[in-house]
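Comments concern the structure below.
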Amino acid sequence: MSLDAVLADIRACRACAGELPHEPRPVVRVAPTTRLLICGQAPGRKVHESGLPFDDASGDRLRGWLGIDRETFYGHPAIGVAAMAFCFPGTNPKGGDYPPPRRCAQLWRPQLLAALPRVELTLLVGAHAQVWALGPRAESAMTQTVAHWRDYLPSLLPTPHPSWRNTAWLKRNPWFDHEVVPYLRARVSDMLAR
Ligand code: SF4
């Protein structure tokens with residue numbers, strides 16, 4: 001199946017209609033030229049409204065990790081974004097977002113990844129993406145999985161989610177900024193230069 005055909009099917013998907021508190025609005029941004037694939041959790045409310053992935057404070061922190069600005073993030077043909085679920089899952093009573101519906105990855109992820117043969121590095125942003133992609137190779141907790149980041153190279157790199165909710169995590173784990181971020185920036189710089 002061509003990438004265009006997969007994307008058309010995803011954008012028309014309404015499989016979760018009736019279970020979401022709003023009309024599904026799939027957000028995915030990839031191209032045949034995608035070399036860096038960013039795999040997060042699911043769009044938040046702001047992204048649901050704008051239709052632009054990581055168009056929020058989390059995206060600003062993520063761009064800092066990548067060492068690129070907004071223009072490059074949204075304009076460079078080597079950068080793609082495909083979360084574990086493409087629609088905003090809604091907000092739970094405690095104020096956080098519900099987890100991504102599992103159905104989305106089951107329905108779409110294998111065919112989408114098969115249509116992206118040029119991907120060299122996939123960022124596994126948060127535990128949902130890590131568990132799906134790493135299976136039994138994922139550690140029992142996100143921190144341990146990210147701490148073993150070298151084990152999954154060169155094609156996969158686990159990171160925490162760049163949400164403000166992980167600011168304390170980043171303070172407790174300074175090795176992420178000191179070791180993982182420089183490696184990631186070097187890989188991204190190399191991919192964008194070619
Ligand atoms: S979350 Fe995924 S499976 Fe559910 S409606 Fe959106 S695109 Fe379809």
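Residue numbering restarts at 1 for every chain of the structure tokens, chains are lettered A, B, ... in their displayed order, and ligands are numbered from 1 as they appear.
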
I'd like the neighbourhood of segment 163-167 of chain A as JSON, numbers by chain, where a residue qualifies if any of its atoms comes within 9 Å (using only C-alpha atoms), though same-chain residues fewer than 6 positions away should be ignored.
{"A": [57, 58, 59, 61, 62]}

Could you list, as a VMD selection string, all residues that come within 6 Å of ligand 1? Count only C-alpha atoms and all ligand atoms.
chain A and resid 10 13 to 16 24 26 85 to 87 103 to 104

Kindly indicate which residue among A:Asp9, A:Asp97, A:Asp60, A:Glu179 lies nearest to Arg45 of chain A, using only C-alpha atoms for the distances.
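Once distances to Arg45 of chain A are computed over only C-alpha atoms, the minimum belongs to A:Asp97.
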
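Note that atom CA of Val6 of chain A and atom CA of Leu124 of chain A are 21.3 Å apart.
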
Given only C-alpha atoms as the counted atoms, nearest of A:Met84, A:Ala147, A:Met142, A:Ile79 to Val188 of chain A
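Result for the nearest residue to Val188 of chain A: A:Ile79.
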
Expressed in Å to a single decimal, how great is the separation between atom CA of Thr159 of chain A and atom CA of Leu37 of chain A?
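Spanning atom CA of Thr159 of chain A to atom CA of Leu37 of chain A is a straight-line distance of 13.0 Å.
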
For Leu112 of chain A, find every residue with an atom within 8 Å (counting only C-alpha atoms), except residues of its own chain fewer than 4 positions away, and show them as a list of chain:residue names.
A:Leu3, A:Val6, A:Leu7, A:Trp108, A:Leu116

Please give the complete set of residues from chain A that DSSP, run on the backbone, assigns to strand (DSSP E), formatted as a ChimeraX atom specification.
/A:36-39,79-81,121-125,156-159

So, with only C-alpha atoms as the atoms that count, which of A:Arg25, A:Arg63, A:Arg11, A:Pro32 lies closest to Arg185 of chain A?
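Counting only C-alpha atoms, the residue closest to Arg185 of chain A is A:Arg63.
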
DSSP-assigned alpha helix (DSSP H) among segment 60-156 of chain A, expressed as a VMD selection string:
chain A and resid 60 to 66 70 to 75 102 to 114 127 to 134 142 to 147

Go ahead and write the residues just picked, C-alpha atoms, as a PDB file, in the first residue's frame.
```pdb
ATOM      1  CA  ASP A  60       9.162  23.497  22.206  1.00  0.00           C
ATOM      2  CA  ARG A  61      11.077  21.259  24.613  1.00  0.00           C
ATOM      3  CA  LEU A  62      11.292  18.490  22.011  1.00  0.00           C
ATOM      4  CA  ARG A  63      12.720  20.926  19.444  1.00  0.00           C
ATOM      5  CA  GLY A  64      15.285  21.940  22.056  1.00  0.00           C
ATOM      6  CA  TRP A  65      16.334  18.310  22.415  1.00  0.00           C
ATOM      7  CA  LEU A  66      16.591  17.971  18.641  1.00  0.00           C
ATOM      8  CA  ARG A  70       9.998  25.464  14.495  1.00  0.00           C
ATOM      9  CA  GLU A  71      10.646  26.259  10.865  1.00  0.00           C
ATOM     10  CA  THR A  72      12.930  23.237  10.487  1.00  0.00           C
ATOM     11  CA  PHE A  73      10.657  20.982  12.554  1.00  0.00           C
ATOM     12  CA  TYR A  74       7.644  21.649  10.347  1.00  0.00           C
ATOM     13  CA  GLY A  75       9.456  22.303   7.081  1.00  0.00           C
ATOM     14  CA  ARG A 102      -4.727   0.829  21.515  1.00  0.00           C
ATOM     15  CA  ARG A 103      -6.932   0.323  18.515  1.00  0.00           C
ATOM     16  CA  CYS A 104      -5.102   3.050  16.610  1.00  0.00           C
ATOM     17  CA  ALA A 105      -1.695   1.374  16.556  1.00  0.00           C
ATOM     18  CA  GLN A 106      -3.320  -1.996  15.866  1.00  0.00           C
ATOM     19  CA  LEU A 107      -5.212  -0.567  12.901  1.00  0.00           C
ATOM     20  CA  TRP A 108      -2.611   1.688  11.338  1.00  0.00           C
ATOM     21  CA  ARG A 109       0.919   1.391  12.642  1.00  0.00           C
ATOM     22  CA  PRO A 110       2.215  -1.671  10.734  1.00  0.00           C
ATOM     23  CA  GLN A 111       1.009  -0.382   7.379  1.00  0.00           C
ATOM     24  CA  LEU A 112       2.199   3.157   8.051  1.00  0.00           C
ATOM     25  CA  LEU A 113       5.704   2.032   9.044  1.00  0.00           C
ATOM     26  CA  ALA A 114       5.872  -0.288   6.034  1.00  0.00           C
ATOM     27  CA  ALA A 127       6.284   4.631  27.673  1.00  0.00           C
ATOM     28  CA  HIS A 128       3.438   3.867  25.252  1.00  0.00           C
ATOM     29  CA  ALA A 129       5.687   4.156  22.206  1.00  0.00           C
ATOM     30  CA  GLN A 130       8.489   2.275  23.955  1.00  0.00           C
ATOM     31  CA  VAL A 131       6.366  -0.690  24.978  1.00  0.00           C
ATOM     32  CA  TRP A 132       4.854  -0.985  21.502  1.00  0.00           C
ATOM     33  CA  ALA A 133       8.151  -0.778  19.618  1.00  0.00           C
ATOM     34  CA  LEU A 134      10.452  -2.612  22.020  1.00  0.00           C
ATOM     35  CA  MET A 142      10.226   4.264  31.376  1.00  0.00           C
ATOM     36  CA  THR A 143      13.234   5.562  33.332  1.00  0.00           C
ATOM     37  CA  GLN A 144      15.054   2.247  33.025  1.00  0.00           C
ATOM     38  CA  THR A 145      14.201   1.937  29.339  1.00  0.00           C
ATOM     39  CA  VAL A 146      15.593   5.412  28.627  1.00  0.00           C
ATOM     40  CA  ALA A 147      18.642   4.680  30.794  1.00  0.00           C
TER      41      ALA A 147
END
```

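When atom CA of Gly96 of chain A is paired with atom CA of Gly44 of chain A, their separation reads 9.5 Å.
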
Which is closest to Asp56 of chain A among A:Trp169, A:Pro162, A:Ala5, A:Pro100, if we use only C-alpha atoms?
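Of the candidates, the smallest distance to Asp56 of chain A is held by A:Pro162.
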
Give me the residues near Trp149 of chain A as a list in words, where near means some atom within 8 Å (using only C-alpha atoms) and where sequence neighbours in that chain fewer than 4 positions away do not count.
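In the requested form, the answer reads Thr145, Leu153, Leu157, Pro158 and Val180 of chain A.
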
Can those selected residues be exported to a file as a PDB file, in the first residue's frame so that it contains all heavy atoms?
```pdb
ATOM      1  N   THR A 145      14.099   2.095  30.796  1.00  0.00           N
ATOM      2  CA  THR A 145      14.201   1.937  29.339  1.00  0.00           C
ATOM      3  C   THR A 145      15.059   3.044  28.744  1.00  0.00           C
ATOM      4  O   THR A 145      15.946   2.797  27.918  1.00  0.00           O
ATOM      5  CB  THR A 145      12.796   1.948  28.703  1.00  0.00           C
ATOM      6  OG1 THR A 145      12.024   0.881  29.268  1.00  0.00           O
ATOM      7  CG2 THR A 145      12.878   1.747  27.196  1.00  0.00           C
ATOM      8  N   LEU A 153      20.042   1.442  19.850  1.00  0.00           N
ATOM      9  CA  LEU A 153      20.609   2.125  18.688  1.00  0.00           C
ATOM     10  C   LEU A 153      21.027   1.102  17.640  1.00  0.00           C
ATOM     11  O   LEU A 153      21.232  -0.051  17.973  1.00  0.00           O
ATOM     12  CB  LEU A 153      21.831   2.948  19.132  1.00  0.00           C
ATOM     13  CG  LEU A 153      21.536   4.068  20.132  1.00  0.00           C
ATOM     14  CD1 LEU A 153      22.846   4.742  20.559  1.00  0.00           C
ATOM     15  CD2 LEU A 153      20.589   5.102  19.517  1.00  0.00           C
ATOM     16  N   LEU A 157      15.453   5.148  19.596  1.00  0.00           N
ATOM     17  CA  LEU A 157      15.975   5.909  20.748  1.00  0.00           C
ATOM     18  C   LEU A 157      14.813   6.290  21.658  1.00  0.00           C
ATOM     19  O   LEU A 157      13.959   7.092  21.278  1.00  0.00           O
ATOM     20  CB  LEU A 157      16.691   7.168  20.245  1.00  0.00           C
ATOM     21  CG  LEU A 157      17.291   8.066  21.336  1.00  0.00           C
ATOM     22  CD1 LEU A 157      18.306   7.316  22.179  1.00  0.00           C
ATOM     23  CD2 LEU A 157      17.955   9.287  20.715  1.00  0.00           C
ATOM     24  N   PRO A 158      14.744   5.692  22.855  1.00  0.00           N
ATOM     25  CA  PRO A 158      13.671   6.034  23.799  1.00  0.00           C
ATOM     26  C   PRO A 158      13.992   7.333  24.539  1.00  0.00           C
ATOM     27  O   PRO A 158      15.138   7.575  24.927  1.00  0.00           O
ATOM     28  CB  PRO A 158      13.650   4.845  24.761  1.00  0.00           C
ATOM     29  CG  PRO A 158      15.037   4.292  24.728  1.00  0.00           C
ATOM     30  CD  PRO A 158      15.609   4.616  23.367  1.00  0.00           C
ATOM     31  N   VAL A 180      22.141  11.859  26.429  1.00  0.00           N
ATOM     32  CA  VAL A 180      21.230  11.484  25.342  1.00  0.00           C
ATOM     33  C   VAL A 180      21.010  12.653  24.381  1.00  0.00           C
ATOM     34  O   VAL A 180      21.071  12.474  23.153  1.00  0.00           O
ATOM     35  CB  VAL A 180      19.875  10.987  25.908  1.00  0.00           C
ATOM     36  CG1 VAL A 180      18.981  10.504  24.771  1.00  0.00           C
ATOM     37  CG2 VAL A 180      20.092   9.886  26.931  1.00  0.00           C
TER      38      VAL A 180
END
```

Name the closest residue to Pro101 of chain A among the candidates A:Phe54, A:Pro182, A:Val125, A:Ala17; distances are taken between atoms, counting only C-alpha atoms.
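When distances to Pro101 of chain A are compared using only C-alpha atoms, the smallest one comes from A:Ala17.
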